[in-house]
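Beneath this line is the structure, given in structure tokens, with notes to follow.
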Amino acid sequence: ITEVYRTTINAEYGNNSATMIIISIAVCYVAISAYLLISYGMMAISGIVGIGITGLFDLLIINFLNIQAGPAFIISVLVSLFMAVTMLLNYYKRTKEEAYNGRLIAKASNEGFRKTISTAVDSTVLLLILGIVLAVVSKESVKSFSIFFIITSIISVLFIFLLSKCLNNFLLNSNVADNNKLFNYKKEYMKDLDGHAEKEINDSVAQKLKVNKQGKKPLLFAIGGLTVALVSILVFTFTGNTFNYTNEANYGRLEIRSGVTEIFEDKGDNLAETNFVNYIEGLSDDIKVTKSWTITDQKNPYEKDKNYIYFYANLEKPLSTDSDAYDAIEAYVKQVDDQYGLVTSYTVYPGVVRGDFTNTLILTSITVGIGLVYFIIRYRYTFALSTIISSIVGTTTAFGLISLTRLEVSSSVGIGVLAGLIMTLLLFIPFGNRLRQLKNESKVKVTTFEQREEITMASFKSTINEYCISAIMFTVLLLAFIPLNSLQMAPIFIATIISLLVNAIFGILIVVPLHLWFEKTIKFNKFKSKRAELRKAKREKTIKANRNKGAEPEEIIIPGIND
């Protein structure tokens, strides 16, 4: 049986793992809300309300669909929340820019929303496409991860971005809008009627990096990181295992859900678990339990006056379905079920972590390909190529670091790497939209490399702060999740952190230089300009021919006769 999802959390994550996951997400919401409120004042209240409503809807949907609030869910919520925060940060930043340029706050909000709506649409559409494709081609937990972030991304764009704008319309057309301090706007940065301000805003990140002036340093940095990753992968491939897989490939697991807990009455520490192990090992000499977990006092949705108890055991080796040990377990389950009505479901299966993790590697490649196609359709081809090359280098390096650190990998770890890649693709979207906006707003036709370089650097300067804030904020939140949850979930969060940080750093350092290099060297631009010149010459020739049509013929001068 191929398991798509389960409504209970694996016992190895802890008896209170569901509660801790909900608490972790609540902490995440509170931390994001606090940052937005401190940075943008009253403007952020709408976004905070939207985040709260989205979180509530997420939990209601989980409860309604009976979905497990496990690792796949928590990572999918982070992806959709990341998308929402990226949209809000860019919306608030554009609004603040317009306010500092002399617009009233209400009009500045309208203009900021207009400049950000393409980012919101692109982010949502990209996530929907990725979610649908990944859900179709993936399996097990990755499928549930894809379905989750399809649902949560739709809710996010509806109740965070659009609701934020509606609430701001109400707020900014009230008397509150007269006090700039409530919105954390500084008077010295606001321009007067002549377009002058006391101080200029210092975009420190963009000014310190100056990525277009670094020469070959970003390229060498990327090559160095990629080399370390590839060497690590090759060394471990030929000396052992490329990745440090969990031992699930070498053992079976027994899972039993019991509806009658009296037989395993828990009178002391782990008594129910001990009795369970003794029962199982007593069935056959070939059955040895290496590790076991127990979840007690789980509500029975069908009989409210009773509880379930869940038993999980890792067996020393996988059990073949035609083995005596398997038959013994099956006979035991049927006997106890008939006699006591004790067992309501059970499963015996070998681990499949290798196949699952390999599947995430394939899905990562598919995600990169979808990103390339979408960016080419929506943005300039040079931007699409540079961002996807950065994603390939970053994701390969992330897998190399996971191999190098010998992080224990599973399908959930693969989901973490995939999530970090998707988050970085979302970070590139505001940059791409800003490039297109500045080109469209240019008062002259953009034809030269110098013009494109100026627009590229202006776009980079306009979006880099929010890019860095989003990446750092979610890295800190993921680090905070580790002590809040079971240590069994730590590799998932660590993998997401590695993927997000590595991809984000490569994105900062090499996307702009690559984009400018493509703009300067690819001959497609020269071909287009040459074709435009030929068309212009053809038009001029046609106009001249039409102008002389019907006129009297010019005097023909023949030497010797006219003389």
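Note on naming: chains are A, B, ... as they come in the structure tokens, residues start from 1 per chain, ligands start from 1 in the order shown.
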
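Proximity to A:Thr448 at 12 Å, evaluated using only C-alpha atoms and with sequence-adjacent residues fewer than 2 positions away removed, yields A:Val444, A:Lys445, A:Val446, A:Glu450, A:Gln451, A:Arg452, A:Glu453, A:Glu454, A:Ile455, A:Leu516, A:Glu519, A:Lys520, A:Asn525, A:Lys526, A:Ser529.
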
Produce a file of the selected residues containing all heavy atoms, as a CSV table (one decimal), in the first residue's frame.
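Final output, selection-v3.csv:
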chain,number,residue,atom,x,y,z
A,444,VAL,N,13.1,57.2,-22.1
A,444,VAL,CA,13.7,56.9,-23.4
A,444,VAL,C,13.7,55.4,-23.7
A,444,VAL,O,13.7,54.6,-22.8
A,444,VAL,CB,15.2,57.5,-23.4
A,444,VAL,CG1,15.2,59.0,-23.2
A,444,VAL,CG2,16.0,56.8,-22.3
A,445,LYS,N,13.8,55.1,-24.9
A,445,LYS,CA,13.9,53.7,-25.3
A,445,LYS,C,15.2,53.1,-24.9
A,445,LYS,O,16.3,53.6,-25.1
A,445,LYS,CB,13.7,53.5,-26.8
A,445,LYS,CG,13.5,52.1,-27.3
A,445,LYS,CD,13.2,52.0,-28.8
A,445,LYS,CE,13.0,50.6,-29.2
A,445,LYS,NZ,12.7,50.5,-30.6
A,446,VAL,N,15.1,51.9,-24.2
A,446,VAL,CA,16.3,51.2,-23.7
A,446,VAL,C,16.9,50.4,-24.8
A,446,VAL,O,16.3,49.4,-25.2
A,446,VAL,CB,15.9,50.4,-22.4
A,446,VAL,CG1,17.2,49.6,-21.9
A,446,VAL,CG2,15.3,51.2,-21.3
A,450,GLU,N,24.7,50.2,-21.4
A,450,GLU,CA,24.8,51.1,-20.3
A,450,GLU,C,23.4,51.4,-19.7
A,450,GLU,O,23.3,51.5,-18.4
A,450,GLU,CB,25.5,52.4,-20.8
A,450,GLU,CG,26.9,52.3,-21.1
A,450,GLU,CD,27.2,51.6,-22.4
A,450,GLU,OE1,26.2,51.5,-23.2
A,450,GLU,OE2,28.3,51.1,-22.6
A,451,GLN,N,22.4,51.5,-20.5
A,451,GLN,CA,21.1,51.8,-20.0
A,451,GLN,C,20.6,50.5,-19.2
A,451,GLN,O,20.0,50.7,-18.1
A,451,GLN,CB,20.1,52.1,-21.1
A,451,GLN,CG,20.3,53.4,-21.8
A,451,GLN,CD,19.5,53.6,-23.0
A,451,GLN,OE1,19.3,52.7,-23.8
A,451,GLN,NE2,18.9,54.8,-23.2
A,452,ARG,N,20.8,49.4,-19.7
A,452,ARG,CA,20.4,48.1,-19.1
A,452,ARG,C,21.1,47.9,-17.7
A,452,ARG,O,20.6,47.5,-16.8
A,452,ARG,CB,20.6,46.9,-20.0
A,452,ARG,CG,19.7,47.0,-21.2
A,452,ARG,CD,19.6,45.6,-21.9
A,452,ARG,NE,18.8,45.7,-23.1
A,452,ARG,CZ,17.5,45.6,-23.2
A,452,ARG,NH1,16.9,45.5,-22.0
A,452,ARG,NH2,16.8,45.7,-24.3
A,453,GLU,N,22.4,48.3,-17.7
A,453,GLU,CA,23.2,48.2,-16.5
A,453,GLU,C,22.6,49.1,-15.4
A,453,GLU,O,22.5,48.7,-14.3
A,453,GLU,CB,24.7,48.5,-16.8
A,453,GLU,CG,25.6,48.3,-15.6
A,453,GLU,CD,27.0,48.6,-15.9
A,453,GLU,OE1,27.3,49.4,-16.8
A,453,GLU,OE2,27.9,48.1,-15.2
A,454,GLU,N,22.3,50.3,-15.8
A,454,GLU,CA,21.8,51.3,-14.9
A,454,GLU,C,20.4,50.8,-14.3
A,454,GLU,O,20.2,50.9,-13.1
A,454,GLU,CB,21.6,52.6,-15.6
A,454,GLU,CG,21.1,53.7,-14.6
A,454,GLU,CD,20.9,55.1,-15.3
A,454,GLU,OE1,21.3,55.2,-16.5
A,454,GLU,OE2,20.4,56.0,-14.7
A,455,ILE,N,19.6,50.3,-15.2
A,455,ILE,CA,18.3,49.7,-14.7
A,455,ILE,C,18.5,48.5,-13.8
A,455,ILE,O,17.8,48.4,-12.7
A,455,ILE,CB,17.4,49.3,-15.9
A,455,ILE,CG1,16.9,50.6,-16.6
A,455,ILE,CG2,16.2,48.5,-15.5
A,455,ILE,CD1,16.2,50.3,-17.9
A,516,LEU,N,24.3,40.9,-16.3
A,516,LEU,CA,25.0,41.9,-17.0
A,516,LEU,C,25.9,41.3,-18.1
A,516,LEU,O,26.0,41.8,-19.2
A,516,LEU,CB,25.8,42.8,-16.1
A,516,LEU,CG,24.9,43.7,-15.1
A,516,LEU,CD1,25.8,44.4,-14.2
A,516,LEU,CD2,24.0,44.6,-15.9
A,519,GLU,N,23.8,40.2,-20.9
A,519,GLU,CA,23.3,41.4,-21.7
A,519,GLU,C,24.4,41.9,-22.6
A,519,GLU,O,24.1,42.4,-23.7
A,519,GLU,CB,22.9,42.5,-20.7
A,519,GLU,CG,21.6,42.2,-20.0
A,519,GLU,CD,20.4,42.4,-20.9
A,519,GLU,OE1,20.6,42.9,-22.0
A,519,GLU,OE2,19.3,42.1,-20.5
A,520,LYS,N,25.7,41.8,-22.2
A,520,LYS,CA,26.8,42.4,-22.9
A,520,LYS,C,27.3,41.5,-24.0
A,520,LYS,O,27.8,41.9,-25.1
A,520,LYS,CB,27.9,42.7,-22.0
A,520,LYS,CG,29.0,43.6,-22.6
A,520,LYS,CD,30.0,44.0,-21.5
A,520,LYS,CE,31.0,45.0,-22.1
A,520,LYS,NZ,32.0,45.5,-21.0
A,525,ASN,N,20.8,40.6,-29.0
A,525,ASN,CA,20.5,42.0,-29.0
A,525,ASN,C,20.9,42.7,-30.2
A,525,ASN,O,20.2,43.5,-30.8
A,525,ASN,CB,21.2,42.7,-27.8
A,525,ASN,CG,20.5,42.3,-26.4
A,525,ASN,OD1,19.4,41.9,-26.4
A,525,ASN,ND2,21.3,42.3,-25.4
A,526,LYS,N,22.2,42.3,-30.7
A,526,LYS,CA,22.7,42.9,-31.9
A,526,LYS,C,21.9,42.5,-33.1
A,526,LYS,O,21.6,43.2,-34.1
A,526,LYS,CB,24.2,42.6,-32.1
A,526,LYS,CG,25.1,43.1,-31.0
A,526,LYS,CD,26.5,42.8,-31.3
A,526,LYS,CE,27.4,43.4,-30.2
A,526,LYS,NZ,28.8,43.0,-30.4
A,529,SER,N,18.7,44.6,-33.1
A,529,SER,CA,18.9,45.9,-33.6
A,529,SER,C,19.2,46.0,-35.1
A,529,SER,O,18.7,46.9,-35.8
A,529,SER,CB,20.1,46.6,-32.8
A,529,SER,OG,21.3,45.8,-33.0

Counting only C-alpha atoms, what is within 8 Å of stretch 82-87 of chain A, bar same-chain residues fewer than 3 positions away, as a PDB file with N, CA and C atoms, in the first residue's frame?
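Written output follows (result-v9.pdb):
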ATOM      1  N   LEU A  78       5.658  27.101   5.987  1.00  0.00           N
ATOM      2  CA  LEU A  78       6.763  28.057   5.928  1.00  0.00           C
ATOM      3  C   LEU A  78       6.945  28.610   4.515  1.00  0.00           C
ATOM      4  N   VAL A  79       6.794  27.758   3.489  1.00  0.00           N
ATOM      5  CA  VAL A  79       6.930  28.221   2.106  1.00  0.00           C
ATOM      6  C   VAL A  79       5.860  29.254   1.778  1.00  0.00           C
ATOM      7  N   ASN A  90       7.744  43.897   0.145  1.00  0.00           N
ATOM      8  CA  ASN A  90       7.873  44.692  -1.076  1.00  0.00           C
ATOM      9  C   ASN A  90       6.748  45.715  -1.199  1.00  0.00           C
ATOM     10  N   TYR A  91       5.541  45.360  -0.774  1.00  0.00           N
ATOM     11  CA  TYR A  91       4.414  46.299  -0.784  1.00  0.00           C
ATOM     12  C   TYR A  91       4.702  47.480   0.139  1.00  0.00           C
ATOM     13  N   THR A 116       3.388  46.204  -6.724  1.00  0.00           N
ATOM     14  CA  THR A 116       3.677  44.910  -6.091  1.00  0.00           C
ATOM     15  C   THR A 116       2.731  43.817  -6.556  1.00  0.00           C
ATOM     16  N   THR A 119       4.198  41.012  -8.497  1.00  0.00           N
ATOM     17  CA  THR A 119       4.981  40.097  -7.659  1.00  0.00           C
ATOM     18  C   THR A 119       4.071  39.079  -6.986  1.00  0.00           C
ATOM     19  N   ALA A 120       2.919  39.546  -6.467  1.00  0.00           N
ATOM     20  CA  ALA A 120       1.969  38.642  -5.810  1.00  0.00           C
ATOM     21  C   ALA A 120       1.411  37.618  -6.791  1.00  0.00           C
ATOM     22  N   SER A 123       4.211  35.108  -7.841  1.00  0.00           N
ATOM     23  CA  SER A 123       4.531  34.175  -6.753  1.00  0.00           C
ATOM     24  C   SER A 123       3.461  33.108  -6.615  1.00  0.00           C
ATOM     25  N   SER A 153      -0.853  28.621  -0.173  1.00  0.00           N
ATOM     26  CA  SER A 153      -0.449  29.766  -0.992  1.00  0.00           C
ATOM     27  C   SER A 153      -1.659  30.535  -1.503  1.00  0.00           C
ATOM     28  N   SER A 156      -2.948  32.477   1.353  1.00  0.00           N
ATOM     29  CA  SER A 156      -2.048  33.583   1.679  1.00  0.00           C
ATOM     30  C   SER A 156      -2.295  34.792   0.788  1.00  0.00           C
ATOM     31  N   VAL A 157      -2.407  34.583  -0.521  1.00  0.00           N
ATOM     32  CA  VAL A 157      -2.574  35.724  -1.422  1.00  0.00           C
ATOM     33  C   VAL A 157      -3.941  36.375  -1.225  1.00  0.00           C
ATOM     34  N   ILE A 160      -3.786  37.675   2.991  1.00  0.00           N
ATOM     35  CA  ILE A 160      -2.665  38.497   3.461  1.00  0.00           C
ATOM     36  C   ILE A 160      -2.473  39.684   2.537  1.00  0.00           C
ATOM     37  N   PHE A 161      -2.282  39.424   1.254  1.00  0.00           N
ATOM     38  CA  PHE A 161      -1.972  40.526   0.335  1.00  0.00           C
ATOM     39  C   PHE A 161      -3.216  41.369   0.020  1.00  0.00           C
ATOM     40  N   MET A 423      11.835  28.822  -2.020  1.00  0.00           N
ATOM     41  CA  MET A 423      11.889  30.120  -1.349  1.00  0.00           C
ATOM     42  C   MET A 423      12.799  31.093  -2.101  1.00  0.00           C
ATOM     43  N   LEU A 426      11.212  32.459  -5.148  1.00  0.00           N
ATOM     44  CA  LEU A 426      10.275  33.520  -4.766  1.00  0.00           C
ATOM     45  C   LEU A 426      10.997  34.836  -4.501  1.00  0.00           C
ATOM     46  N   LEU A 427      12.236  34.755  -3.990  1.00  0.00           N
ATOM     47  CA  LEU A 427      13.027  35.972  -3.746  1.00  0.00           C
ATOM     48  C   LEU A 427      13.418  36.666  -5.044  1.00  0.00           C
ATOM     49  N   GLU A 466      14.990  43.846   1.160  1.00  0.00           N
ATOM     50  CA  GLU A 466      13.908  42.915   1.469  1.00  0.00           C
ATOM     51  C   GLU A 466      14.322  41.468   1.176  1.00  0.00           C
ATOM     52  N   TYR A 467      15.141  41.277   0.160  1.00  0.00           N
ATOM     53  CA  TYR A 467      15.700  39.959  -0.165  1.00  0.00           C
ATOM     54  C   TYR A 467      16.466  39.410   1.043  1.00  0.00           C
ATOM     55  N   SER A 470      14.164  38.779   4.279  1.00  0.00           N
ATOM     56  CA  SER A 470      13.365  37.556   4.190  1.00  0.00           C
ATOM     57  C   SER A 470      14.227  36.325   4.451  1.00  0.00           C
ATOM     58  N   PHE A 474      13.784  34.027   8.042  1.00  0.00           N
ATOM     59  CA  PHE A 474      13.328  32.640   8.044  1.00  0.00           C
ATOM     60  C   PHE A 474      14.441  31.679   8.446  1.00  0.00           C
TER      61      PHE A 474
END

For stretch 104-114 of chain A: contacts at 8 Å, only C-alpha atoms, fewer than 2 positions along chain excluded, given as a compact mmCIF listing (two decimals) with N, CA, C and O atoms, in the first residue's frame:
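Below is the file that was written, selection-v4.txt:
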# COMPACT_ATOMS: atom_id res chain seq x y z
N TYR A 91 5.54 45.36 -0.77
CA TYR A 91 4.41 46.30 -0.78
C TYR A 91 4.70 47.48 0.14
O TYR A 91 4.55 48.65 -0.24
N TYR A 92 5.15 47.19 1.36
CA TYR A 92 5.44 48.26 2.32
C TYR A 92 6.63 49.10 1.86
O TYR A 92 6.65 50.32 2.07
N LYS A 93 7.63 48.45 1.25
CA LYS A 93 8.81 49.20 0.78
C LYS A 93 8.42 50.15 -0.36
O LYS A 93 8.81 51.32 -0.37
N ARG A 94 7.64 49.65 -1.33
CA ARG A 94 7.20 50.52 -2.44
C ARG A 94 6.34 51.68 -1.92
O ARG A 94 6.45 52.82 -2.39
N THR A 95 5.48 51.39 -0.93
CA THR A 95 4.64 52.44 -0.35
C THR A 95 5.49 53.50 0.33
O THR A 95 5.24 54.71 0.18
N LYS A 96 6.49 53.06 1.08
CA LYS A 96 7.37 54.01 1.77
C LYS A 96 8.14 54.85 0.77
O LYS A 96 8.32 56.07 0.96
N GLU A 97 8.60 54.25 -0.31
CA GLU A 97 9.32 55.01 -1.35
C GLU A 97 8.43 56.11 -1.92
O GLU A 97 8.87 57.25 -2.11
N GLU A 98 7.17 55.76 -2.22
CA GLU A 98 6.25 56.75 -2.78
C GLU A 98 5.95 57.86 -1.78
O GLU A 98 5.83 59.03 -2.16
N ALA A 99 5.81 57.50 -0.49
CA ALA A 99 5.56 58.51 0.54
C ALA A 99 6.76 59.45 0.67
O ALA A 99 6.59 60.68 0.82
N GLY A 102 6.97 62.27 -1.80
CA GLY A 102 6.06 63.40 -1.67
C GLY A 102 4.59 63.07 -1.81
O GLY A 102 3.76 63.97 -1.72
N THR A 116 3.39 46.20 -6.72
CA THR A 116 3.68 44.91 -6.09
C THR A 116 2.73 43.82 -6.56
O THR A 116 3.01 42.64 -6.35
N ILE A 117 1.63 44.18 -7.18
CA ILE A 117 0.63 43.17 -7.51
C ILE A 117 1.18 42.13 -8.50
O ILE A 117 0.82 40.95 -8.43
N SER A 118 2.07 42.54 -9.39
CA SER A 118 2.66 41.56 -10.32
C SER A 118 3.52 40.56 -9.56
O SER A 118 3.57 39.38 -9.92
N LYS A 165 -4.41 45.15 1.61
CA LYS A 165 -4.71 46.36 0.85
C LYS A 165 -6.07 46.94 1.25
O LYS A 165 -6.23 48.15 1.42
N ASN A 168 -5.83 48.57 4.62
CA ASN A 168 -5.06 49.81 4.54
C ASN A 168 -5.87 50.93 3.90
O ASN A 168 -5.70 52.10 4.26
N ASN A 169 -6.74 50.61 2.94
CA ASN A 169 -7.61 51.64 2.36
C ASN A 169 -8.47 52.30 3.43
O ASN A 169 -8.65 53.52 3.44
N LEU A 172 -5.87 54.23 5.99
CA LEU A 172 -5.14 55.39 5.46
C LEU A 172 -6.06 56.52 5.02
O LEU A 172 -5.58 57.61 4.71
N ASN A 173 -7.36 56.28 4.99
CA ASN A 173 -8.31 57.35 4.69
C ASN A 173 -8.98 57.88 5.95
O ASN A 173 -9.98 58.57 5.88
N ALA A 177 -3.92 58.63 9.36
CA ALA A 177 -2.94 58.84 8.29
C ALA A 177 -2.21 60.18 8.40
O ALA A 177 -1.19 60.39 7.74

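With only C-alpha atoms as the atoms that count, the residue of A:Glu255, A:Leu130, A:Leu479, A:Val512 with the shortest distance to A:Leu425 is A:Leu130.
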
**Study point:** Best match for closeness to A:Met42 among A:Asn63, A:Asn485, A:Asn175, A:Asn184, counting only C-alpha atoms
**Key:**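 Smallest distance to A:Met42 is found for A:Asn184.
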
Practice item. For atom CA of A:Ala31 and atom CA of A:Leu89, quote the distance in Å rounded to one decimal. Key: 14.6 Å

Exercise for review: Give me, please, the distance in Å between atom CA of A:Arg436 and atom CA of A:Ile377, quoted to one decimal.
Suggested key: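 The value is 12.5 Å.
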
Exercise for review: Calculate how many Å separate atom CA of A:Leu56 from atom CA of A:Ile154, rounding to one decimal.
Suggested key: 14.0 Å

**Study point:** Residues within 7 Å of A:Ile510, only C-alpha atoms, excluding chain neighbours under 5 positions, as a PyMOL selection string
**Key:** chain A and resi 218-219+390

Exercise for review: Show which residues sit within 12 Å of A:Ile388, as number ranges by chain. Count only C-alpha atoms, and ignore same-chain residues fewer than 2 positions away.
Suggested key: A: 365-376, 381-386, 390-395, 421-422, 424-425, 428, 503, 506-507, 510-511, 514-515
